[in-house]
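Shown next: entry_5.cif, given as mmCIF, N, CA and C atoms.
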data_protein
#
loop_
_atom_site.label_atom_id
_atom_site.label_comp_id
_atom_site.auth_asym_id
_atom_site.auth_seq_id
_atom_site.Cartn_x
_atom_site.Cartn_y
_atom_site.Cartn_z
N MET A 902 -1.24 30.96 5.88
CA MET A 902 -1.97 30.26 4.83
C MET A 902 -3.47 30.42 5.11
N PRO A 903 -4.24 30.87 4.14
CA PRO A 903 -5.69 31.02 4.34
C PRO A 903 -6.36 29.66 4.48
N SER A 904 -7.57 29.67 5.04
CA SER A 904 -8.30 28.42 5.19
C SER A 904 -9.79 28.66 5.00
N LEU A 905 -10.50 27.56 4.78
CA LEU A 905 -11.95 27.65 4.66
C LEU A 905 -12.58 26.54 5.46
N GLU A 906 -13.85 26.77 5.77
CA GLU A 906 -14.65 25.78 6.47
C GLU A 906 -15.69 25.25 5.51
N LEU A 907 -15.82 23.94 5.48
CA LEU A 907 -16.78 23.27 4.62
C LEU A 907 -17.74 22.50 5.52
N GLU A 908 -19.05 22.65 5.30
CA GLU A 908 -20.03 21.95 6.12
C GLU A 908 -20.99 21.19 5.22
N VAL A 909 -21.15 19.89 5.50
CA VAL A 909 -22.07 19.01 4.78
C VAL A 909 -22.82 18.17 5.81
N ASP A 910 -24.13 18.21 5.79
CA ASP A 910 -24.97 17.38 6.67
C ASP A 910 -24.53 17.42 8.13
N GLY A 911 -24.21 18.60 8.63
CA GLY A 911 -23.83 18.76 10.03
C GLY A 911 -22.38 18.44 10.34
N VAL A 912 -21.62 18.01 9.36
CA VAL A 912 -20.20 17.71 9.54
C VAL A 912 -19.39 18.88 9.00
N THR A 913 -18.50 19.38 9.83
CA THR A 913 -17.67 20.52 9.44
C THR A 913 -16.22 20.09 9.32
N ALA A 914 -15.56 20.57 8.29
CA ALA A 914 -14.13 20.29 8.10
C ALA A 914 -13.42 21.59 7.71
N ARG A 915 -12.18 21.67 8.13
CA ARG A 915 -11.35 22.83 7.80
C ARG A 915 -10.37 22.42 6.71
N PHE A 916 -10.22 23.30 5.72
CA PHE A 916 -9.27 23.07 4.63
C PHE A 916 -8.22 24.17 4.65
N ALA A 917 -6.96 23.78 4.63
CA ALA A 917 -5.87 24.74 4.44
C ALA A 917 -5.82 25.03 2.94
N LEU A 918 -5.89 26.29 2.58
CA LEU A 918 -5.88 26.66 1.17
C LEU A 918 -4.45 26.81 0.68
N ARG A 919 -4.19 26.30 -0.51
CA ARG A 919 -2.84 26.23 -1.07
C ARG A 919 -2.53 27.45 -1.94
N ASP A 920 -2.39 28.60 -1.29
CA ASP A 920 -2.06 29.80 -2.05
C ASP A 920 -0.63 29.75 -2.57
N ASP A 921 0.17 28.80 -2.10
CA ASP A 921 1.51 28.61 -2.66
C ASP A 921 1.44 27.95 -4.04
N LEU A 922 0.42 27.13 -4.29
CA LEU A 922 0.24 26.46 -5.58
C LEU A 922 -0.65 27.24 -6.53
N ALA A 923 -1.61 27.97 -5.96
CA ALA A 923 -2.63 28.62 -6.79
C ALA A 923 -3.03 29.97 -6.19
N PRO A 924 -2.13 30.93 -6.18
CA PRO A 924 -2.43 32.20 -5.51
C PRO A 924 -3.62 32.96 -6.08
N GLN A 925 -3.75 33.03 -7.40
CA GLN A 925 -4.86 33.77 -8.00
C GLN A 925 -6.19 33.05 -7.76
N THR A 926 -6.20 31.75 -7.93
CA THR A 926 -7.43 30.97 -7.75
C THR A 926 -7.88 31.01 -6.30
N VAL A 927 -6.96 30.83 -5.36
CA VAL A 927 -7.32 30.87 -3.94
C VAL A 927 -7.86 32.25 -3.56
N ARG A 928 -7.20 33.30 -4.02
CA ARG A 928 -7.66 34.67 -3.72
C ARG A 928 -9.09 34.88 -4.24
N ALA A 929 -9.36 34.45 -5.47
CA ALA A 929 -10.69 34.61 -6.06
C ALA A 929 -11.72 33.72 -5.35
N LEU A 930 -11.33 32.52 -4.96
CA LEU A 930 -12.25 31.64 -4.24
C LEU A 930 -12.65 32.26 -2.91
N VAL A 931 -11.67 32.71 -2.14
CA VAL A 931 -11.96 33.33 -0.83
C VAL A 931 -12.86 34.55 -1.00
N ALA A 932 -12.60 35.35 -2.03
CA ALA A 932 -13.42 36.55 -2.28
C ALA A 932 -14.85 36.18 -2.71
N SER A 933 -15.06 34.96 -3.18
CA SER A 933 -16.39 34.51 -3.62
C SER A 933 -17.20 33.87 -2.49
N LEU A 934 -16.59 33.69 -1.34
CA LEU A 934 -17.27 33.04 -0.21
C LEU A 934 -17.96 34.08 0.67
N PRO A 935 -19.00 33.71 1.39
CA PRO A 935 -19.53 32.36 1.60
C PRO A 935 -20.41 31.91 0.44
N VAL A 936 -20.51 30.59 0.31
CA VAL A 936 -21.34 29.96 -0.72
C VAL A 936 -22.14 28.83 -0.08
N GLU A 937 -23.39 28.74 -0.43
CA GLU A 937 -24.22 27.59 -0.09
C GLU A 937 -24.78 27.09 -1.41
N THR A 938 -24.53 25.82 -1.72
CA THR A 938 -24.91 25.29 -3.02
C THR A 938 -25.16 23.79 -2.92
N THR A 939 -25.54 23.20 -4.01
CA THR A 939 -25.83 21.77 -4.07
C THR A 939 -24.54 20.98 -4.26
N LEU A 940 -24.40 19.92 -3.48
CA LEU A 940 -23.28 19.00 -3.59
C LEU A 940 -23.80 17.70 -4.18
N ARG A 941 -23.14 17.22 -5.21
CA ARG A 941 -23.54 15.98 -5.89
C ARG A 941 -22.35 15.03 -5.96
N HIS A 942 -22.67 13.76 -6.06
CA HIS A 942 -21.60 12.78 -6.26
C HIS A 942 -21.15 12.83 -7.71
N CYS A 943 -19.87 12.63 -7.93
CA CYS A 943 -19.32 12.64 -9.30
C CYS A 943 -19.75 11.39 -10.04
N ARG A 944 -20.03 11.54 -11.29
CA ARG A 944 -20.43 10.42 -12.12
C ARG A 944 -19.22 9.71 -12.71
N TRP A 945 -18.24 10.47 -13.18
CA TRP A 945 -17.10 9.87 -13.90
C TRP A 945 -15.77 10.00 -13.17
N SER A 946 -15.72 10.75 -12.09
CA SER A 946 -14.43 11.11 -11.48
C SER A 946 -13.98 10.21 -10.34
N GLY A 947 -14.75 9.22 -9.94
CA GLY A 947 -14.33 8.34 -8.85
C GLY A 947 -14.95 8.74 -7.53
N ASP A 948 -14.22 8.53 -6.45
CA ASP A 948 -14.72 8.78 -5.10
C ASP A 948 -14.60 10.26 -4.76
N ALA A 949 -15.55 11.03 -5.26
CA ALA A 949 -15.52 12.48 -5.07
C ALA A 949 -16.91 13.07 -5.26
N CYS A 950 -17.07 14.28 -4.74
CA CYS A 950 -18.30 15.05 -4.90
C CYS A 950 -17.94 16.40 -5.50
N PHE A 951 -18.93 17.03 -6.15
CA PHE A 951 -18.67 18.33 -6.76
C PHE A 951 -19.81 19.30 -6.47
N ALA A 952 -19.48 20.57 -6.56
CA ALA A 952 -20.46 21.64 -6.39
C ALA A 952 -20.07 22.79 -7.31
N GLU A 953 -21.08 23.48 -7.82
CA GLU A 953 -20.83 24.62 -8.71
C GLU A 953 -20.87 25.92 -7.92
N ILE A 954 -20.00 26.84 -8.30
CA ILE A 954 -20.02 28.19 -7.75
C ILE A 954 -20.37 29.11 -8.90
N ALA A 955 -21.50 29.77 -8.79
CA ALA A 955 -22.06 30.52 -9.92
C ALA A 955 -21.94 32.03 -9.78
N ARG A 956 -21.21 32.50 -8.77
CA ARG A 956 -21.10 33.94 -8.61
C ARG A 956 -19.75 34.29 -7.98
N GLY A 957 -19.37 35.55 -8.15
CA GLY A 957 -18.19 36.06 -7.48
C GLY A 957 -16.96 36.09 -8.36
N PRO A 958 -15.86 36.59 -7.80
CA PRO A 958 -14.60 36.73 -8.54
C PRO A 958 -14.04 35.42 -9.09
N ILE A 959 -14.46 34.29 -8.53
CA ILE A 959 -13.97 33.00 -9.04
C ILE A 959 -14.34 32.80 -10.49
N LEU A 960 -15.41 33.43 -10.95
CA LEU A 960 -15.83 33.28 -12.35
C LEU A 960 -14.90 34.01 -13.31
N GLU A 961 -14.07 34.89 -12.79
CA GLU A 961 -13.10 35.61 -13.62
C GLU A 961 -11.83 34.80 -13.87
N ILE A 962 -11.65 33.72 -13.12
CA ILE A 962 -10.47 32.87 -13.29
C ILE A 962 -10.72 31.93 -14.47
N SER A 963 -9.83 31.97 -15.45
CA SER A 963 -10.01 31.10 -16.61
C SER A 963 -8.83 30.16 -16.83
N ALA A 964 -7.71 30.45 -16.20
CA ALA A 964 -6.51 29.64 -16.39
C ALA A 964 -6.28 28.71 -15.20
N LEU A 965 -5.66 27.59 -15.47
CA LEU A 965 -5.28 26.66 -14.41
C LEU A 965 -3.99 27.12 -13.75
N GLU A 966 -3.83 26.77 -12.50
CA GLU A 966 -2.58 26.97 -11.79
C GLU A 966 -2.18 25.61 -11.22
N SER A 967 -0.96 25.18 -11.50
CA SER A 967 -0.45 23.90 -10.99
C SER A 967 -1.40 22.75 -11.32
N GLY A 968 -1.87 22.67 -12.56
CA GLY A 968 -2.87 21.71 -12.98
C GLY A 968 -2.56 20.26 -12.66
N VAL A 969 -3.58 19.54 -12.22
CA VAL A 969 -3.47 18.11 -11.89
C VAL A 969 -4.71 17.39 -12.44
N THR A 970 -4.60 16.09 -12.63
CA THR A 970 -5.77 15.27 -12.93
C THR A 970 -6.09 14.33 -11.78
N SER A 971 -5.05 13.78 -11.12
CA SER A 971 -5.26 12.89 -9.98
C SER A 971 -5.59 13.72 -8.75
N ILE A 972 -6.59 13.26 -8.00
CA ILE A 972 -7.06 13.99 -6.83
C ILE A 972 -7.04 13.02 -5.65
N TYR A 973 -6.22 13.30 -4.66
CA TYR A 973 -6.07 12.41 -3.53
C TYR A 973 -7.12 12.69 -2.46
N PRO A 974 -7.43 11.69 -1.63
CA PRO A 974 -8.44 11.87 -0.59
C PRO A 974 -8.13 13.11 0.27
N GLY A 975 -9.16 13.91 0.51
CA GLY A 975 -9.00 15.10 1.32
C GLY A 975 -8.53 16.32 0.56
N THR A 976 -8.44 16.20 -0.75
CA THR A 976 -8.00 17.32 -1.58
C THR A 976 -9.21 18.03 -2.18
N LEU A 977 -9.12 19.35 -2.19
CA LEU A 977 -10.13 20.21 -2.79
C LEU A 977 -9.51 20.82 -4.05
N VAL A 978 -10.18 20.66 -5.19
CA VAL A 978 -9.68 21.20 -6.45
C VAL A 978 -10.76 22.06 -7.09
N LEU A 979 -10.36 22.85 -8.08
CA LEU A 979 -11.31 23.74 -8.75
C LEU A 979 -11.10 23.70 -10.25
N ARG A 980 -12.22 23.59 -10.97
CA ARG A 980 -12.20 23.73 -12.43
C ARG A 980 -12.74 25.12 -12.72
N PRO A 981 -11.93 25.96 -13.40
CA PRO A 981 -12.42 27.30 -13.71
C PRO A 981 -13.63 27.26 -14.65
N ALA A 982 -14.41 28.31 -14.61
CA ALA A 982 -15.52 28.46 -15.56
C ALA A 982 -14.94 28.54 -16.96
N ASN A 983 -15.71 28.09 -17.94
CA ASN A 983 -15.26 28.16 -19.33
C ASN A 983 -16.48 28.30 -20.24
N ALA A 984 -16.25 28.32 -21.54
CA ALA A 984 -17.35 28.52 -22.50
C ALA A 984 -18.37 27.39 -22.45
N ILE A 985 -17.94 26.17 -22.16
CA ILE A 985 -18.85 25.03 -22.10
C ILE A 985 -19.59 24.98 -20.77
N ALA A 986 -18.89 25.28 -19.68
CA ALA A 986 -19.47 25.25 -18.33
C ALA A 986 -19.22 26.60 -17.67
N PRO A 987 -20.20 27.48 -17.68
CA PRO A 987 -19.99 28.86 -17.23
C PRO A 987 -19.90 29.07 -15.72
N THR A 988 -19.97 28.00 -14.93
CA THR A 988 -19.76 28.12 -13.49
C THR A 988 -18.43 27.49 -13.14
N ALA A 989 -17.84 27.92 -12.04
CA ALA A 989 -16.66 27.24 -11.51
C ALA A 989 -17.15 26.00 -10.79
N GLU A 990 -16.31 25.00 -10.69
CA GLU A 990 -16.71 23.76 -10.05
C GLU A 990 -15.64 23.34 -9.06
N ILE A 991 -16.06 23.09 -7.82
CA ILE A 991 -15.12 22.53 -6.86
C ILE A 991 -15.38 21.04 -6.76
N LEU A 992 -14.35 20.30 -6.48
CA LEU A 992 -14.46 18.86 -6.34
C LEU A 992 -13.69 18.46 -5.09
N ILE A 993 -14.29 17.62 -4.26
CA ILE A 993 -13.69 17.15 -3.02
C ILE A 993 -13.58 15.64 -3.10
N ALA A 994 -12.37 15.12 -3.01
CA ALA A 994 -12.17 13.67 -3.08
C ALA A 994 -12.22 13.06 -1.68
N TYR A 995 -12.92 11.93 -1.56
CA TYR A 995 -12.92 11.18 -0.30
C TYR A 995 -12.25 9.82 -0.50
N GLY A 996 -11.76 9.58 -1.67
CA GLY A 996 -11.01 8.38 -2.04
C GLY A 996 -10.23 8.73 -3.29
N ASP A 997 -9.74 7.74 -3.99
CA ASP A 997 -8.99 8.02 -5.20
C ASP A 997 -9.92 8.55 -6.28
N ALA A 998 -9.49 9.62 -6.94
CA ALA A 998 -10.33 10.25 -7.95
C ALA A 998 -9.45 10.90 -9.01
N GLU A 999 -10.03 11.12 -10.16
CA GLU A 999 -9.44 11.90 -11.25
C GLU A 999 -10.54 12.78 -11.79
N TYR A 1000 -10.18 13.99 -12.20
CA TYR A 1000 -11.22 14.86 -12.75
C TYR A 1000 -11.49 14.42 -14.18
N ARG A 1001 -12.72 13.98 -14.45
CA ARG A 1001 -13.09 13.50 -15.79
C ARG A 1001 -14.43 14.06 -16.21
N TRP A 1002 -14.54 14.27 -17.50
CA TRP A 1002 -15.81 14.52 -18.16
C TRP A 1002 -16.08 13.28 -18.99
N PRO A 1003 -17.23 13.14 -19.62
CA PRO A 1003 -17.52 11.92 -20.37
C PRO A 1003 -16.52 11.65 -21.49
N THR A 1004 -15.89 12.70 -21.98
CA THR A 1004 -15.00 12.54 -23.12
C THR A 1004 -13.55 12.26 -22.76
N SER A 1005 -13.09 12.70 -21.58
CA SER A 1005 -11.68 12.51 -21.24
C SER A 1005 -11.37 13.03 -19.84
N ARG A 1006 -10.13 12.77 -19.42
CA ARG A 1006 -9.61 13.38 -18.20
C ARG A 1006 -9.36 14.86 -18.47
N MET A 1007 -9.51 15.67 -17.42
CA MET A 1007 -9.26 17.10 -17.57
C MET A 1007 -8.42 17.57 -16.38
N TYR A 1008 -7.75 18.69 -16.56
CA TYR A 1008 -6.94 19.26 -15.50
C TYR A 1008 -7.77 20.20 -14.63
N VAL A 1009 -7.39 20.26 -13.36
CA VAL A 1009 -8.00 21.15 -12.38
C VAL A 1009 -6.90 21.77 -11.54
N THR A 1010 -7.25 22.81 -10.81
CA THR A 1010 -6.30 23.50 -9.93
C THR A 1010 -6.47 23.00 -8.50
N PRO A 1011 -5.40 22.50 -7.86
CA PRO A 1011 -5.51 22.12 -6.46
C PRO A 1011 -5.58 23.38 -5.60
N VAL A 1012 -6.59 23.47 -4.73
CA VAL A 1012 -6.75 24.68 -3.93
C VAL A 1012 -6.72 24.42 -2.42
N GLY A 1013 -6.88 23.19 -1.96
CA GLY A 1013 -6.87 22.98 -0.52
C GLY A 1013 -6.72 21.54 -0.10
N GLU A 1014 -6.37 21.38 1.18
CA GLU A 1014 -6.22 20.05 1.77
C GLU A 1014 -6.92 20.05 3.12
N VAL A 1015 -7.68 18.99 3.39
CA VAL A 1015 -8.40 18.88 4.65
C VAL A 1015 -7.40 18.79 5.80
N GLN A 1016 -7.77 19.38 6.92
CA GLN A 1016 -6.94 19.37 8.13
C GLN A 1016 -7.61 18.48 9.17
N GLY A 1017 -6.83 17.78 9.96
CA GLY A 1017 -7.38 16.93 11.01
C GLY A 1017 -7.92 15.62 10.47
N ASP A 1018 -8.71 14.94 11.29
CA ASP A 1018 -9.28 13.63 10.93
C ASP A 1018 -10.46 13.83 9.98
N PRO A 1019 -10.34 13.37 8.73
CA PRO A 1019 -11.41 13.58 7.76
C PRO A 1019 -12.46 12.47 7.71
N SER A 1020 -12.42 11.49 8.60
CA SER A 1020 -13.29 10.32 8.47
C SER A 1020 -14.78 10.68 8.48
N ALA A 1021 -15.23 11.60 9.33
CA ALA A 1021 -16.65 11.97 9.35
C ALA A 1021 -17.04 12.67 8.04
N LEU A 1022 -16.17 13.53 7.53
CA LEU A 1022 -16.42 14.20 6.25
C LEU A 1022 -16.49 13.17 5.13
N PHE A 1023 -15.53 12.26 5.08
CA PHE A 1023 -15.52 11.25 4.02
C PHE A 1023 -16.80 10.41 4.05
N LYS A 1024 -17.30 10.12 5.24
CA LYS A 1024 -18.51 9.32 5.37
C LYS A 1024 -19.71 10.04 4.75
N VAL A 1025 -19.89 11.34 5.04
CA VAL A 1025 -21.04 12.06 4.46
C VAL A 1025 -20.86 12.29 2.97
N LEU A 1026 -19.63 12.45 2.51
CA LEU A 1026 -19.40 12.58 1.07
C LEU A 1026 -19.74 11.28 0.36
N ALA A 1027 -19.29 10.16 0.89
CA ALA A 1027 -19.57 8.85 0.29
C ALA A 1027 -21.07 8.56 0.26
N LYS A 1028 -21.79 9.03 1.26
CA LYS A 1028 -23.24 8.80 1.35
C LYS A 1028 -23.97 9.38 0.13
N THR A 1029 -23.44 10.44 -0.48
CA THR A 1029 -24.12 11.04 -1.63
C THR A 1029 -24.19 10.08 -2.81
N SER A 1030 -23.32 9.08 -2.83
CA SER A 1030 -23.32 8.10 -3.93
C SER A 1030 -24.65 7.34 -3.98
N SER A 1031 -25.23 7.05 -2.81
CA SER A 1031 -26.50 6.32 -2.78
C SER A 1031 -27.69 7.20 -2.38
N ALA A 1032 -27.46 8.19 -1.52
CA ALA A 1032 -28.56 9.01 -1.01
C ALA A 1032 -28.89 10.20 -1.92
N GLY A 1033 -27.99 10.56 -2.80
CA GLY A 1033 -28.24 11.68 -3.69
C GLY A 1033 -27.66 12.98 -3.18
N GLN A 1034 -28.03 14.05 -3.84
CA GLN A 1034 -27.47 15.36 -3.56
C GLN A 1034 -27.83 15.87 -2.18
N THR A 1035 -27.01 16.82 -1.70
CA THR A 1035 -27.21 17.47 -0.42
C THR A 1035 -26.71 18.91 -0.55
N THR A 1036 -26.64 19.60 0.55
CA THR A 1036 -26.19 20.99 0.53
C THR A 1036 -24.79 21.09 1.14
N VAL A 1037 -23.96 21.91 0.54
CA VAL A 1037 -22.64 22.19 1.07
C VAL A 1037 -22.54 23.69 1.33
N ARG A 1038 -21.89 24.04 2.42
CA ARG A 1038 -21.63 25.44 2.75
C ARG A 1038 -20.13 25.63 2.85
N LEU A 1039 -19.64 26.68 2.21
CA LEU A 1039 -18.23 27.02 2.24
C LEU A 1039 -18.09 28.44 2.77
N ALA A 1040 -17.17 28.64 3.71
CA ALA A 1040 -16.95 29.97 4.26
C ALA A 1040 -15.46 30.15 4.53
N ALA A 1041 -14.97 31.34 4.26
CA ALA A 1041 -13.57 31.66 4.56
C ALA A 1041 -13.42 31.82 6.06
N LEU A 1042 -12.30 31.38 6.58
CA LEU A 1042 -12.00 31.55 8.00
C LEU A 1042 -11.02 32.71 8.15
N LYS A 1043 -11.21 33.48 9.18
CA LYS A 1043 -10.32 34.61 9.46
C LYS A 1043 -8.95 34.07 9.86
N GLU A 1044 -7.91 34.75 9.43
CA GLU A 1044 -6.56 34.37 9.79
C GLU A 1044 -6.27 34.77 11.23
N ALA A 1045 -5.57 33.91 11.93
CA ALA A 1045 -5.14 34.24 13.28
C ALA A 1045 -4.02 35.27 13.20
N VAL A 1046 -4.08 36.25 14.06
CA VAL A 1046 -3.04 37.29 14.09
C VAL A 1046 -1.99 36.88 15.12
N ALA A 1047 -0.74 36.83 14.68
CA ALA A 1047 0.35 36.40 15.58
C ALA A 1047 0.72 37.49 16.54
#
Would you mind giving the structure from this file in structure tokens?
Amino acid sequence: MPSLELEVDGVTARFALRDDLAPQTVRALVASLPVETTLRHCRWSGDACFAEIARGPILEISALESGVTSIYPGTLVLRPANAIAPTAEILIAYGDAEYRWPTSRMYVTPVGEVQGDPSALFKVLAKTSSAGQTTVRLAALKEAVA
């Protein structure tokens, strides 16, 4: 199973990527990494933060895979680029969340789950609610060879 490393404010977390649920999306996401971009707190989606990915093969993904609206703590999801929002958007939940726009709930593709103790990550994600935006770095991790 592929994985990625996410770093926010000096806190690093590893995510196992769910290529069993979203093989095309995960493949395109990995091919689009590394990415360094702005991380913001969600306005309508609950306890979560989001970041836009504006380049790479991920922009070619237009369909959902295994679409969900509820996003559990430690879950990484992706909204494909579309005519209204031409960048892909990742969302990381640190509490209960649903992917929402001002008009309604929307579906997203689940792409990863945090590994290990996420408490330090959740703390820096929650901080964006009051402190404002920060920087997030995403990088693919090499697979271990058995």
Legend entry - Selection dump of the PyMOL selection byres (((chain A and resi 1041 and name CA) around 6) and name CA), as a PyMOL selection string: chain A and resi 905+931+1040+1042
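Considering the residues A:Ser1030, A:Asn983, A:Thr1004, A:Thr913 and counting only C-alpha atoms, Ala964 in chain A has its shortest atom-to-atom contact with A:Asn983.
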Legend entry - Residues within 8 Å of Glu937 in chain A, only C-alpha atoms, excluding chain neighbours under 3 positions, as a ChimeraX atom specification: /A:1036-1039
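With CA of Pro1011 in chain A on one side and atom N of Pro924 in chain A on the other, the separation reads 9.4 Å.
Here the PyMOL selection byres ((chain A and resi 945) around 6.5) matches the residues Cys943, Arg944, Ser946, Gly947, Glu999, Tyr1000, Arg1001 and Trp1002 of chain A.
Residues surrounding Val1012 in chain A within 6 Å are Ala917, Leu918, Arg919, Leu977, Val978 and Leu979 of chain A [all atoms listed in the file; sequence separation below 5 positions excluded].
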Inset, instruction - Run through the PyMOL selection byres (((chain A and resi 960 and name CA) around 10) and name CA) on the given coordinates and return the selected residues as a ChimeraX atom specification. - result: /A:926,929-930,933,954-959,961-963,981-983,987-990
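Take the candidates A:Ala914, A:Ala949, A:Ala932, A:Val909 and check each one against Pro974 in chain A using only C-alpha atoms; the shortest distance goes to A:Ala949.
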At the level of N, CA and C atoms, write range 920-943 of chain A to a file as a CSV table (one decimal), in the first residue's frame, please.
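What landed in decode-v6.csv:
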chain,number,residue,atom,x,y,z
A,920,ASP,N,-5.3,2.8,-2.0
A,920,ASP,CA,-5.4,2.5,-3.4
A,920,ASP,C,-6.5,1.4,-3.7
A,921,ASP,N,-6.9,0.7,-2.6
A,921,ASP,CA,-8.0,-0.3,-2.7
A,921,ASP,C,-9.3,0.4,-3.0
A,922,LEU,N,-9.5,1.6,-2.4
A,922,LEU,CA,-10.8,2.3,-2.6
A,922,LEU,C,-10.7,3.3,-3.8
A,923,ALA,N,-9.5,3.8,-4.1
A,923,ALA,CA,-9.4,4.9,-5.1
A,923,ALA,C,-8.1,4.7,-5.9
A,924,PRO,N,-8.0,3.6,-6.7
A,924,PRO,CA,-6.7,3.4,-7.4
A,924,PRO,C,-6.3,4.5,-8.3
A,925,GLN,N,-7.2,5.0,-9.1
A,925,GLN,CA,-6.9,6.1,-10.1
A,925,GLN,C,-6.5,7.4,-9.3
A,926,THR,N,-7.3,7.8,-8.4
A,926,THR,CA,-7.0,9.0,-7.6
A,926,THR,C,-5.7,8.9,-6.9
A,927,VAL,N,-5.5,7.8,-6.2
A,927,VAL,CA,-4.2,7.7,-5.4
A,927,VAL,C,-3.0,7.7,-6.4
A,928,ARG,N,-3.1,7.0,-7.5
A,928,ARG,CA,-2.0,7.0,-8.5
A,928,ARG,C,-1.7,8.5,-8.9
A,929,ALA,N,-2.8,9.2,-9.3
A,929,ALA,CA,-2.6,10.6,-9.7
A,929,ALA,C,-2.1,11.5,-8.6
A,930,LEU,N,-2.5,11.3,-7.4
A,930,LEU,CA,-2.1,12.1,-6.3
A,930,LEU,C,-0.6,11.9,-6.1
A,931,VAL,N,-0.2,10.6,-6.0
A,931,VAL,CA,1.3,10.3,-5.8
A,931,VAL,C,2.1,10.9,-6.9
A,932,ALA,N,1.6,10.8,-8.2
A,932,ALA,CA,2.4,11.4,-9.3
A,932,ALA,C,2.4,12.9,-9.2
A,933,SER,N,1.6,13.5,-8.5
A,933,SER,CA,1.5,15.0,-8.4
A,933,SER,C,2.4,15.5,-7.2
A,934,LEU,N,2.9,14.6,-6.4
A,934,LEU,CA,3.7,15.0,-5.3
A,934,LEU,C,5.2,15.1,-5.6
A,935,PRO,N,6.0,15.9,-5.0
A,935,PRO,CA,5.7,16.6,-3.7
A,935,PRO,C,4.9,17.9,-4.0
A,936,VAL,N,4.2,18.4,-3.0
A,936,VAL,CA,3.5,19.6,-3.0
A,936,VAL,C,3.7,20.4,-1.7
A,937,GLU,N,3.9,21.7,-1.9
A,937,GLU,CA,3.9,22.6,-0.7
A,937,GLU,C,2.9,23.7,-1.0
A,938,THR,N,1.9,23.8,-0.2
A,938,THR,CA,0.8,24.7,-0.4
A,938,THR,C,0.2,25.3,0.9
A,939,THR,N,-0.8,26.1,0.7
A,939,THR,CA,-1.4,26.7,1.9
A,939,THR,C,-2.5,25.8,2.5
A,940,LEU,N,-2.5,25.7,3.8
A,940,LEU,CA,-3.5,24.9,4.5
A,940,LEU,C,-4.4,25.9,5.2
A,941,ARG,N,-5.7,25.7,5.1
A,941,ARG,CA,-6.6,26.6,5.7
A,941,ARG,C,-7.6,25.8,6.5
A,942,HIS,N,-8.2,26.4,7.5
A,942,HIS,CA,-9.3,25.7,8.2
A,942,HIS,C,-10.6,25.7,7.4
A,943,CYS,N,-11.4,24.7,7.4
A,943,CYS,CA,-12.6,24.6,6.7
A,943,CYS,C,-13.6,25.6,7.3
